[in-house]
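Student: My file is query_15.csv. It has CSV, C-alpha atoms:
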chain,number,residue,atom,x,y,z
H,2,MET,CA,148.6,87.5,165.2
H,3,LYS,CA,145.3,86.8,163.6
H,4,TYR,CA,145.1,87.1,159.8
H,5,VAL,CA,142.1,86.9,157.5
H,6,VAL,CA,143.1,86.4,153.8
H,7,LYS,CA,140.6,86.8,151.1
H,8,LEU,CA,141.5,84.9,147.9
H,9,GLY,CA,139.6,85.2,144.6
H,10,GLY,CA,139.9,85.7,140.9
H,11,ALA,CA,143.2,84.7,139.2
H,12,GLY,CA,144.5,83.6,142.6
H,13,LEU,CA,142.1,80.7,142.4
H,14,GLU,CA,142.6,80.0,138.7
H,15,THR,CA,146.3,80.3,138.2
H,16,PRO,CA,148.3,77.3,139.6
H,17,SER,CA,151.5,79.4,140.3
H,18,LEU,CA,149.5,82.1,142.1
H,19,LEU,CA,147.5,79.6,144.1
H,20,ASP,CA,150.6,77.8,145.1
H,21,GLY,CA,152.3,81.0,146.2
H,22,ALA,CA,149.3,82.0,148.3
H,23,MET,CA,149.1,78.6,150.0
H,24,ARG,CA,152.8,78.6,150.8
H,25,ALA,CA,152.6,82.1,152.3
H,26,ILE,CA,149.6,81.1,154.4
H,27,THR,CA,151.4,77.9,155.6
H,28,ASP,CA,154.4,80.0,156.5
H,29,LEU,CA,152.3,82.4,158.5
H,30,VAL,CA,150.8,79.5,160.5
H,31,ARG,CA,154.2,77.9,161.1
H,32,ASP,CA,155.4,81.3,162.4
H,33,GLY,CA,152.8,81.0,165.1
H,34,ASN,CA,150.0,83.1,163.5
H,35,GLN,CA,146.3,82.1,163.2
H,36,VAL,CA,145.0,82.4,159.7
H,37,ALA,CA,141.5,82.1,158.2
H,38,VAL,CA,141.0,82.0,154.4
H,39,VAL,CA,137.9,83.4,152.8
H,40,HIS,CA,137.4,82.7,149.1
H,41,GLY,CA,135.3,83.7,146.2
H,42,GLY,CA,134.9,81.8,143.0
H,43,GLY,CA,133.0,84.2,140.8
H,44,ILE,CA,134.9,83.2,137.6
H,45,GLN,CA,134.2,79.5,138.3
H,46,LEU,CA,130.6,80.2,139.0
H,47,THR,CA,130.2,82.3,135.8
H,48,ARG,CA,131.8,79.5,133.8
H,49,THR,CA,129.6,76.8,135.3
H,50,LEU,CA,126.4,78.9,134.7
H,51,LYS,CA,127.4,79.5,131.1
H,52,ALA,CA,127.9,75.8,130.5
H,53,MET,CA,124.3,75.4,131.8
H,54,GLY,CA,123.2,78.1,129.3
H,55,LYS,CA,122.6,80.7,132.0
H,56,GLU,CA,124.0,84.2,131.6
H,57,SER,CA,125.2,86.2,134.7
H,58,GLN,CA,124.0,89.7,135.4
H,59,PHE,CA,125.5,92.2,137.9
H,60,ILE,CA,124.4,95.3,139.7
H,61,SER,CA,127.3,97.4,141.2
H,62,GLY,CA,129.6,94.4,141.2
H,63,LEU,CA,127.1,92.1,142.9
H,64,ARG,CA,125.7,89.1,141.0
H,65,ILE,CA,121.9,88.8,140.6
H,66,THR,CA,121.1,85.5,142.2
H,67,ASP,CA,117.9,83.6,141.5
H,68,ALA,CA,117.2,80.3,143.2
H,69,GLU,CA,118.9,78.2,140.5
H,70,THR,CA,122.0,80.4,140.5
H,71,ARG,CA,122.1,80.2,144.3
H,72,ASP,CA,122.1,76.4,144.2
H,73,VAL,CA,124.9,76.3,141.6
H,74,ALA,CA,126.8,78.8,143.7
H,75,LEU,CA,126.5,76.6,146.7
H,76,MET,CA,127.8,73.7,144.6
H,77,VAL,CA,130.7,75.7,143.2
H,78,PHE,CA,131.8,77.7,146.2
H,79,ALA,CA,131.2,75.3,149.1
H,80,GLY,CA,132.1,72.3,147.0
H,81,LYS,CA,134.7,72.3,144.3
H,82,VAL,CA,136.5,75.6,145.0
H,83,ASN,CA,136.5,75.1,148.8
H,84,LYS,CA,137.8,71.6,148.7
H,85,SER,CA,140.5,72.4,146.2
H,86,LEU,CA,141.9,75.0,148.6
H,87,VAL,CA,141.7,72.5,151.5
H,88,ALA,CA,143.6,70.0,149.3
H,89,ALA,CA,146.2,72.6,148.3
H,90,LEU,CA,147.0,73.4,151.9
H,91,GLY,CA,147.0,69.7,152.8
H,92,ALA,CA,149.6,69.1,150.1
H,93,LEU,CA,151.9,71.4,152.0
H,94,GLY,CA,151.3,69.6,155.2
H,95,GLN,CA,149.0,72.2,156.6
H,96,PRO,CA,145.7,70.9,158.0
H,97,ALA,CA,142.7,72.9,156.8
H,98,VAL,CA,139.0,72.5,157.4
H,99,GLY,CA,136.6,73.7,154.7
H,100,LEU,CA,133.4,75.4,155.8
H,101,CYS,CA,130.7,77.7,154.4
H,102,GLY,CA,129.1,80.4,156.5
H,103,GLY,CA,126.1,78.2,157.2
H,104,ASP,CA,128.2,75.5,158.9
H,105,GLY,CA,128.0,75.7,162.7
H,106,LEU,CA,125.8,78.8,162.2
H,107,LEU,CA,129.1,80.7,161.8
H,108,PHE,CA,127.4,83.5,159.9
H,109,ARG,CA,123.7,84.3,159.5
H,110,ALA,CA,122.5,86.3,156.6
H,111,ARG,CA,119.6,88.6,155.7
H,112,LYS,CA,118.5,89.5,152.2
H,113,LYS,CA,120.3,92.4,150.7
H,114,ARG,CA,117.4,94.7,149.9
H,115,THR,CA,119.0,97.2,147.5
H,116,ALA,CA,122.0,97.5,145.2
H,117,LEU,CA,125.0,99.5,146.3
H,118,ASN,CA,124.1,102.3,143.9
H,119,GLY,CA,120.7,102.8,145.5
H,120,ASP,CA,118.7,101.9,142.4
H,121,GLY,CA,116.6,99.5,144.3
H,122,GLY,CA,117.3,96.5,142.1
H,123,ASP,CA,116.3,93.1,143.4
H,124,LEU,CA,119.4,91.0,143.7
H,125,GLY,CA,117.5,87.8,144.6
H,126,PHE,CA,119.3,85.4,147.0
H,127,VAL,CA,122.1,87.8,147.7
H,128,GLY,CA,122.6,88.4,151.4
H,129,GLU,CA,124.6,90.4,153.9
H,130,ILE,CA,125.9,89.2,157.2
H,131,ALA,CA,123.5,89.9,160.1
H,132,ALA,CA,125.2,87.8,162.9
H,133,SER,CA,128.3,85.8,163.5
H,134,ASP,CA,129.7,83.2,165.9
H,135,PRO,CA,133.4,82.6,165.5
H,136,ARG,CA,133.7,79.7,168.0
H,137,TRP,CA,134.2,77.1,165.2
H,138,ILE,CA,137.0,79.2,163.6
H,139,GLU,CA,138.6,79.5,167.0
H,140,ALA,CA,138.3,75.8,167.7
H,141,ILE,CA,140.1,75.0,164.4
H,142,TRP,CA,142.8,77.5,165.3
H,143,GLN,CA,143.3,75.8,168.6
H,144,LEU,CA,144.1,72.6,166.7
H,145,ASN,CA,146.6,74.5,164.5
H,146,GLY,CA,144.3,74.3,161.5
H,147,VAL,CA,143.3,76.8,158.9
H,148,PRO,CA,139.6,77.4,158.4
H,149,VAL,CA,138.7,77.9,154.7
H,150,LEU,CA,135.4,79.7,154.3
H,151,SER,CA,133.3,79.9,151.2
H,152,SER,CA,131.0,82.9,150.9
H,153,MET,CA,127.6,81.4,151.5
H,154,ALA,CA,125.6,82.0,154.7
H,155,LEU,CA,122.3,80.7,156.1
H,156,GLY,CA,119.4,83.1,156.5
H,157,PHE,CA,117.1,83.2,159.4
H,158,ASP,CA,114.4,82.0,156.9
H,159,GLY,CA,116.4,78.7,156.4
H,160,GLU,CA,117.6,79.7,152.9
H,161,TYR,CA,121.2,79.9,151.8
H,162,TYR,CA,122.3,83.3,150.5
H,163,ASN,CA,125.2,84.3,148.3
H,164,ILE,CA,127.4,86.7,150.1
H,165,ASN,CA,129.9,88.9,148.3
H,166,ALA,CA,133.3,87.3,149.3
H,167,ASP,CA,134.8,90.7,150.2
H,168,GLU,CA,132.0,91.3,152.6
H,169,MET,CA,132.3,87.8,154.1
H,170,ALA,CA,136.1,88.4,154.6
H,171,ALA,CA,135.4,91.7,156.4
H,172,ALA,CA,132.7,90.0,158.6
H,173,CYS,CA,135.1,87.2,159.4
H,174,ALA,CA,137.9,89.6,160.3
H,175,ILE,CA,135.6,91.6,162.6
H,176,ALA,CA,134.1,88.5,164.3
H,177,CYS,CA,137.6,87.1,164.9
H,178,ARG,CA,139.1,90.4,166.0
H,179,ALA,CA,141.8,90.0,163.3
H,180,ASP,CA,145.0,92.0,163.4
H,181,ALA,CA,145.1,92.1,159.6
H,182,LEU,CA,142.7,91.6,156.7
H,183,VAL,CA,144.4,91.1,153.3
H,184,PHE,CA,142.6,90.9,149.9
H,185,LEU,CA,144.7,89.0,147.3
H,186,THR,CA,143.4,90.4,144.0
H,187,ASP,CA,143.7,90.4,140.2
H,188,VAL,CA,144.8,94.1,140.3
H,189,PRO,CA,147.9,95.8,141.6
H,190,GLY,CA,145.9,97.9,144.0
H,191,VAL,CA,143.4,100.8,144.0
H,192,LYS,CA,144.2,103.2,141.2
H,193,GLY,CA,143.6,106.9,141.5
H,194,ALA,CA,142.3,109.3,138.8
H,195,ASN,CA,145.7,109.4,137.1
H,196,GLY,CA,145.8,105.6,136.8
H,197,GLU,CA,148.6,105.2,139.3
H,198,VAL,CA,148.3,102.7,142.2
H,199,LEU,CA,147.6,104.5,145.5
H,200,ARG,CA,149.9,103.2,148.2
H,201,TRP,CA,147.6,104.6,150.9
H,202,LEU,CA,143.9,105.3,150.8
H,203,SER,CA,141.8,106.9,153.5
H,204,ILE,CA,138.3,105.6,153.9
H,205,ASP,CA,137.2,109.2,153.8
H,206,GLN,CA,138.3,109.3,150.1
H,207,ILE,CA,136.2,106.3,149.0
H,208,ALA,CA,132.8,108.0,148.6
H,209,GLU,CA,134.1,110.7,146.5
H,210,MET,CA,136.1,108.3,144.3
H,211,ALA,CA,133.0,106.2,143.8
H,212,LYS,CA,130.9,109.3,143.0
H,213,SER,CA,133.4,110.4,140.3
H,214,ALA,CA,133.7,106.8,139.0
H,215,VAL,CA,137.4,106.6,139.7
H,216,ILE,CA,136.4,103.3,141.4
H,217,SER,CA,133.5,101.1,140.1
H,218,GLY,CA,132.3,97.6,139.6
H,219,GLY,CA,133.9,95.0,141.8
H,220,MET,CA,136.1,97.5,143.6
H,221,LEU,CA,133.0,99.1,145.2
H,222,PRO,CA,132.0,96.2,147.4
H,223,LYS,CA,135.8,95.6,148.1
H,224,LEU,CA,136.4,99.1,149.4
H,225,SER,CA,133.1,99.0,151.3
H,226,ALA,CA,134.3,95.9,153.0
H,227,CYS,CA,137.6,97.5,153.8
H,228,ARG,CA,135.8,100.5,155.4
H,229,GLU,CA,133.5,98.2,157.5
H,230,ALA,CA,136.5,96.2,158.8
H,231,LEU,CA,138.5,99.3,159.8
H,232,LEU,CA,135.5,100.9,161.5
H,233,ASN,CA,134.9,97.7,163.5
H,234,GLY,CA,138.3,97.1,165.1
H,235,VAL,CA,140.4,95.4,162.4
H,236,LYS,CA,143.9,97.0,162.7
H,237,ARG,CA,145.2,96.8,159.2
H,238,VAL,CA,143.6,96.3,155.8
H,239,ARG,CA,145.5,95.8,152.6
H,240,ILE,CA,144.6,95.2,149.0
H,241,LEU,CA,147.5,93.2,147.5
H,242,PRO,CA,148.1,91.7,144.0
H,243,ALA,CA,148.0,87.9,144.2
H,244,GLU,CA,151.5,87.6,142.8
H,245,ALA,CA,152.8,89.4,145.9
H,246,ALA,CA,151.4,86.8,148.3
H,247,SER,CA,154.9,85.9,149.4
H,248,SER,CA,155.0,89.2,151.2
H,249,LEU,CA,152.2,88.2,153.5
H,250,PRO,CA,154.5,87.0,156.3
H,251,ASP,CA,156.2,90.5,156.3
H,252,LEU,CA,153.0,92.5,156.2
H,253,CYS,CA,152.8,93.5,159.8
H,254,SER,CA,156.5,93.5,160.6
H,255,SER,CA,158.0,95.6,157.8
H,256,ARG,CA,157.1,98.0,155.0
H,257,VAL,CA,155.5,96.2,152.0
H,258,ALA,CA,155.7,98.2,148.7
H,259,GLN,CA,153.0,96.5,146.7
H,260,GLY,CA,149.3,97.1,146.8
H,261,THR,CA,147.2,99.6,148.6
H,262,GLU,CA,146.9,100.1,152.4
H,263,VAL,CA,143.4,101.3,153.3
H,264,MET,CA,143.4,103.4,156.5
H,265,VAL,CA,140.9,105.1,158.8
H,266,ALA,CA,142.7,108.5,158.2
Translate this file's structure into structure tokens.

Tutor:
Amino acid sequence: MKYVVKLGGAGLETPSLLDGAMRAITDLVRDGNQVAVVHGGGIQLTRTLKAMGKESQFISGLRITDAETRDVALMVFAGKVNKSLVAALGALGQPAVGLCGGDGLLFRARKKRTALNGDGGDLGFVGEIAASDPRWIEAIWQLNGVPVLSSMALGFDGEYYNINADEMAAACAIACRADALVFLTDVPGVKGANGEVLRWLSIDQIAEMAKSAVISGGMLPKLSACREALLNGVKRVRILPAEAASSLPDLCSSRVAQGTEVMVA
């Protein structure tokens, strides 16, 4: 089976959570599955920008990215964060190859014109995926490796664009015709109006939940990515707390109690 696993937040920052995720991914590969990892690094980018004296601003969960912020993002995402994940998998004996969306023209980007809430805000060098070519991912899979993708892509104008990592994960899953897309997150799942985690969420419920502010901030692009993946052929999409990464190998073969399963209906 083909899995795309998106890793971000505390899953990148907390050694025990990172180790658990890397071990689960390694187990998936050793069981004969093909796995691609897509990662964020927003916490690390915010910290680096702050050390440079630059504050971060967001619109609907998306970072406003001027040219300087974009260059720092490329350094943090495609550099330190990406290579630390390659090293973590390598420490477990699992070969991995670190890439960004611009490498091999894997993913091409266009500028994201408006914010998700429709207020028309200019996000700068924030992009959305316009085209994909998964041949390099498939070549790594053929050699029993794990492609590790940072969320930057090359525009048709020759500029690098910052891509929301959830959107990159969905685009990767669609391009690779993945059986499952899993978001390992800082939260236990999607919470309903009563504050309880929803075990199942239909994509038809997302718009109303956003309108009533039951979901907001970073959950907006995440659920938008879930919807996009499901409508474009990805069979299963799940939002899973990072501490439950050990259940990844069981995801498609048995019932997993944690997190939220996002479904077409």

Student: Please, which residues in segment 34-143 of chain H fall within 12 Å of segment 9-18 of chain H when counting all atoms listed in the file, and what is the closest atom pair and distance in Å to one decimal for each, ordered by chain then residue number, as JSON lines?

Tutor:
{"residue": "H:Val38", "atom": "CA", "partner": "H:Gly9", "partner_atom": "CA", "distance": 10.4}
{"residue": "H:Val39", "atom": "CA", "partner": "H:Gly9", "partner_atom": "CA", "distance": 8.6}
{"residue": "H:His40", "atom": "CA", "partner": "H:Gly9", "partner_atom": "CA", "distance": 5.6}
{"residue": "H:Gly41", "atom": "CA", "partner": "H:Gly9", "partner_atom": "CA", "distance": 4.8}
{"residue": "H:Gly42", "atom": "CA", "partner": "H:Gly9", "partner_atom": "CA", "distance": 6.0}
{"residue": "H:Gly43", "atom": "CA", "partner": "H:Gly10", "partner_atom": "CA", "distance": 7.1}
{"residue": "H:Ile44", "atom": "CA", "partner": "H:Gly10", "partner_atom": "CA", "distance": 6.5}
{"residue": "H:Gln45", "atom": "CA", "partner": "H:Glu14", "partner_atom": "CA", "distance": 8.4}
{"residue": "H:Leu46", "atom": "CA", "partner": "H:Gly10", "partner_atom": "CA", "distance": 11.0}
{"residue": "H:Thr47", "atom": "CA", "partner": "H:Gly10", "partner_atom": "CA", "distance": 11.5}
{"residue": "H:Arg48", "atom": "CA", "partner": "H:Glu14", "partner_atom": "CA", "distance": 11.9}
{"residue": "H:Phe78", "atom": "CA", "partner": "H:Gly9", "partner_atom": "CA", "distance": 10.9}
{"residue": "H:Lys81", "atom": "CA", "partner": "H:Leu13", "partner_atom": "CA", "distance": 11.4}
{"residue": "H:Val82", "atom": "CA", "partner": "H:Leu13", "partner_atom": "CA", "distance": 8.0}
{"residue": "H:Asn83", "atom": "CA", "partner": "H:Leu13", "partner_atom": "CA", "distance": 10.2}
{"residue": "H:Lys84", "atom": "CA", "partner": "H:Leu13", "partner_atom": "CA", "distance": 11.9}
{"residue": "H:Ser85", "atom": "CA", "partner": "H:Leu13", "partner_atom": "CA", "distance": 9.3}
{"residue": "H:Leu86", "atom": "CA", "partner": "H:Leu13", "partner_atom": "CA", "distance": 8.4}
{"residue": "H:Ala89", "atom": "CA", "partner": "H:Pro16", "partner_atom": "CA", "distance": 10.1}

Student: Write out the residues from the selection above, keeping C-alpha atoms, as a PDB file, keeping the file's coordinate frame.

Tutor:
ATOM      1  CA  VAL H  38     141.000  82.000 154.400  1.00  0.00           C
ATOM      2  CA  VAL H  39     137.900  83.400 152.800  1.00  0.00           C
ATOM      3  CA  HIS H  40     137.400  82.700 149.100  1.00  0.00           C
ATOM      4  CA  GLY H  41     135.300  83.700 146.200  1.00  0.00           C
ATOM      5  CA  GLY H  42     134.900  81.800 143.000  1.00  0.00           C
ATOM      6  CA  GLY H  43     133.000  84.200 140.800  1.00  0.00           C
ATOM      7  CA  ILE H  44     134.900  83.200 137.600  1.00  0.00           C
ATOM      8  CA  GLN H  45     134.200  79.500 138.300  1.00  0.00           C
ATOM      9  CA  LEU H  46     130.600  80.200 139.000  1.00  0.00           C
ATOM     10  CA  THR H  47     130.200  82.300 135.800  1.00  0.00           C
ATOM     11  CA  ARG H  48     131.800  79.500 133.800  1.00  0.00           C
ATOM     12  CA  PHE H  78     131.800  77.700 146.200  1.00  0.00           C
ATOM     13  CA  LYS H  81     134.700  72.300 144.300  1.00  0.00           C
ATOM     14  CA  VAL H  82     136.500  75.600 145.000  1.00  0.00           C
ATOM     15  CA  ASN H  83     136.500  75.100 148.800  1.00  0.00           C
ATOM     16  CA  LYS H  84     137.800  71.600 148.700  1.00  0.00           C
ATOM     17  CA  SER H  85     140.500  72.400 146.200  1.00  0.00           C
ATOM     18  CA  LEU H  86     141.900  75.000 148.600  1.00  0.00           C
ATOM     19  CA  ALA H  89     146.200  72.600 148.300  1.00  0.00           C
TER      20      ALA H  89
END

Student: From the list H:Ala74, H:Ala258, H:Ile207, H:Val215, which residue is nearest Leu241 of chain H when using only C-alpha atoms?

Tutor: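 Smallest distance to Leu241 of chain H is found for H:Ala258.
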
Student: So that I can check the surroundings of Ala79 of chain H, please list as a ChimeraX atom specification every protein, DNA and RNA residue that reaches within 6 Å of it, counting only C-alpha atoms and ignoring chain neighbours fewer than 3 positions away.

Tutor: /H:75-76,83,101,151

Student: What does the distance between atom CA of Ile175 of chain H and atom CA of Tyr4 of chain H come to in Å, to one decimal place?

Tutor: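 For atom CA of Ile175 of chain H relative to atom CA of Tyr4 of chain H, the distance reads 10.9 Å.
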
Student: For Gly234 of chain H, which of H:Ala176, H:Leu107, H:Ala211, H:Ile138 is the closest residue, counting all atoms listed in the file?

Tutor: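 The answer is H:Ala176, which sits nearest to Gly234 of chain H.
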
Student: Of the candidates H:Gly91, H:Gly99, H:Gly146, H:Pro250, which one gets nearest to Ala181 of chain H if we count only C-alpha atoms?

Tutor: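 Residue with the minimum atom-to-atom distance to Ala181 of chain H: H:Pro250.
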
Student: Take atom CA of Glu262 of chain H and atom CA of Ile240 of chain H and report the distance between them in Å, one decimal.

Tutor: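 Rounded to one decimal, the two atoms are 6.4 Å apart.
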
Student: From the set H:Ala110, H:Ala174, H:Asp187, H:Asp180, which residue has the shortest atom-to-atom contact distance to Phe157 of chain H, counting all atoms listed in the file?

Tutor: H:Ala110

Student: Excluding segment 52-65 of chain H and its own-chain neighbours fewer than 3 positions away, which residues fall within 12 Å of it when counting all atoms listed in the file? Please give them as a PyMOL selection string.

Tutor: chain H and resi 42-49+68-71+73-74+113-129+162-168+211+214+216-225

Student: Nearest to Gln143 of chain H: which of H:Val77, H:Leu8, H:Val36, H:Leu199 is it, counting all atoms listed in the file?

Tutor: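 Checking each of H:Val77, H:Leu8, H:Val36, H:Leu199 against Gln143 of chain H, counting all atoms listed in the file, the winner is H:Val36.
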
Student: Looking at H:Leu90, H:Phe184, H:Thr261, H:Pro242, which one is nearest to Asp28 of chain H, with distances taken over only C-alpha atoms?

Tutor: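 Smallest separation from Asp28 of chain H among the options: H:Leu90.
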
Student: Just give me the gap between atom CA of Gly94 of chain H and atom CA of Ile26 of chain H in Å, one decimal is fine.

Tutor: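 Rounded to one decimal, the two atoms are 11.7 Å apart.
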
Student: Since the input has fewer atoms than a full residue there, write segment 89-99 of chain H out with all heavy atoms, as an mmCIF file, in the coordinates of the input.

Tutor:
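For reference, rebuild26.cif as written:
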data_model
loop_
_atom_site.group_PDB
_atom_site.id
_atom_site.type_symbol
_atom_site.label_atom_id
_atom_site.label_comp_id
_atom_site.auth_asym_id
_atom_site.auth_seq_id
_atom_site.Cartn_x
_atom_site.Cartn_y
_atom_site.Cartn_z
ATOM 1 N N ALA H 89 144.975 71.944 148.565
ATOM 2 C CA ALA H 89 146.200 72.600 148.300
ATOM 3 C C ALA H 89 147.022 72.886 149.575
ATOM 4 O O ALA H 89 148.252 72.745 149.605
ATOM 5 C CB ALA H 89 145.959 73.964 147.578
ATOM 6 N N LEU H 90 146.333 73.260 150.643
ATOM 7 C CA LEU H 90 147.000 73.400 151.900
ATOM 8 C C LEU H 90 147.472 72.080 152.474
ATOM 9 O O LEU H 90 148.570 71.960 153.011
ATOM 10 C CB LEU H 90 146.077 74.123 152.928
ATOM 11 C CG LEU H 90 145.871 75.623 152.692
ATOM 12 C CD1 LEU H 90 144.673 76.130 153.489
ATOM 13 C CD2 LEU H 90 147.124 76.409 153.062
ATOM 14 N N GLY H 91 146.634 71.059 152.329
ATOM 15 C CA GLY H 91 147.000 69.700 152.800
ATOM 16 C C GLY H 91 148.242 69.192 152.096
ATOM 17 O O GLY H 91 149.069 68.498 152.711
ATOM 18 N N ALA H 92 148.402 69.530 150.816
ATOM 19 C CA ALA H 92 149.600 69.100 150.100
ATOM 20 C C ALA H 92 150.864 69.663 150.639
ATOM 21 O O ALA H 92 151.948 69.104 150.443
ATOM 22 C CB ALA H 92 149.432 69.458 148.597
ATOM 23 N N LEU H 93 150.749 70.786 151.341
ATOM 24 C CA LEU H 93 151.900 71.400 152.000
ATOM 25 C C LEU H 93 152.073 70.992 153.431
ATOM 26 O O LEU H 93 152.925 71.522 154.150
ATOM 27 C CB LEU H 93 151.772 72.945 151.896
ATOM 28 C CG LEU H 93 151.746 73.537 150.483
ATOM 29 C CD1 LEU H 93 151.398 75.019 150.536
ATOM 30 C CD2 LEU H 93 153.090 73.322 149.785
ATOM 31 N N GLY H 94 151.237 70.047 153.846
ATOM 32 C CA GLY H 94 151.300 69.600 155.200
ATOM 33 C C GLY H 94 150.564 70.428 156.222
ATOM 34 O O GLY H 94 150.707 70.231 157.434
ATOM 35 N N GLN H 95 149.757 71.370 155.730
ATOM 36 C CA GLN H 95 149.000 72.200 156.600
ATOM 37 C C GLN H 95 147.552 71.782 156.704
ATOM 38 O O GLN H 95 146.806 71.865 155.733
ATOM 39 C CB GLN H 95 149.045 73.693 156.108
ATOM 40 C CG GLN H 95 148.175 74.663 156.892
ATOM 41 C CD GLN H 95 148.507 74.677 158.365
ATOM 42 O OE1 GLN H 95 149.652 74.910 158.747
ATOM 43 N NE2 GLN H 95 147.528 74.409 159.216
ATOM 44 N N PRO H 96 147.116 71.292 157.868
ATOM 45 C CA PRO H 96 145.700 70.900 158.000
ATOM 46 C C PRO H 96 144.773 72.061 157.812
ATOM 47 O O PRO H 96 145.025 73.172 158.300
ATOM 48 C CB PRO H 96 145.641 70.365 159.452
ATOM 49 C CG PRO H 96 147.049 70.091 159.860
ATOM 50 C CD PRO H 96 147.893 71.071 159.109
ATOM 51 N N ALA H 97 143.700 71.827 157.086
ATOM 52 C CA ALA H 97 142.700 72.900 156.800
ATOM 53 C C ALA H 97 141.324 72.222 156.892
ATOM 54 O O ALA H 97 141.160 71.038 156.579
ATOM 55 C CB ALA H 97 142.943 73.517 155.484
ATOM 56 N N VAL H 98 140.344 73.016 157.282
ATOM 57 C CA VAL H 98 139.000 72.500 157.400
ATOM 58 C C VAL H 98 138.093 73.471 156.534
ATOM 59 O O VAL H 98 138.063 74.683 156.759
ATOM 60 C CB VAL H 98 138.462 72.540 158.832
ATOM 61 C CG1 VAL H 98 137.004 72.076 158.899
ATOM 62 C CG2 VAL H 98 139.337 71.642 159.697
ATOM 63 N N GLY H 99 137.411 72.905 155.556
ATOM 64 C CA GLY H 99 136.600 73.700 154.700
ATOM 65 C C GLY H 99 135.159 73.864 155.242
ATOM 66 O O GLY H 99 134.529 72.903 155.695
#
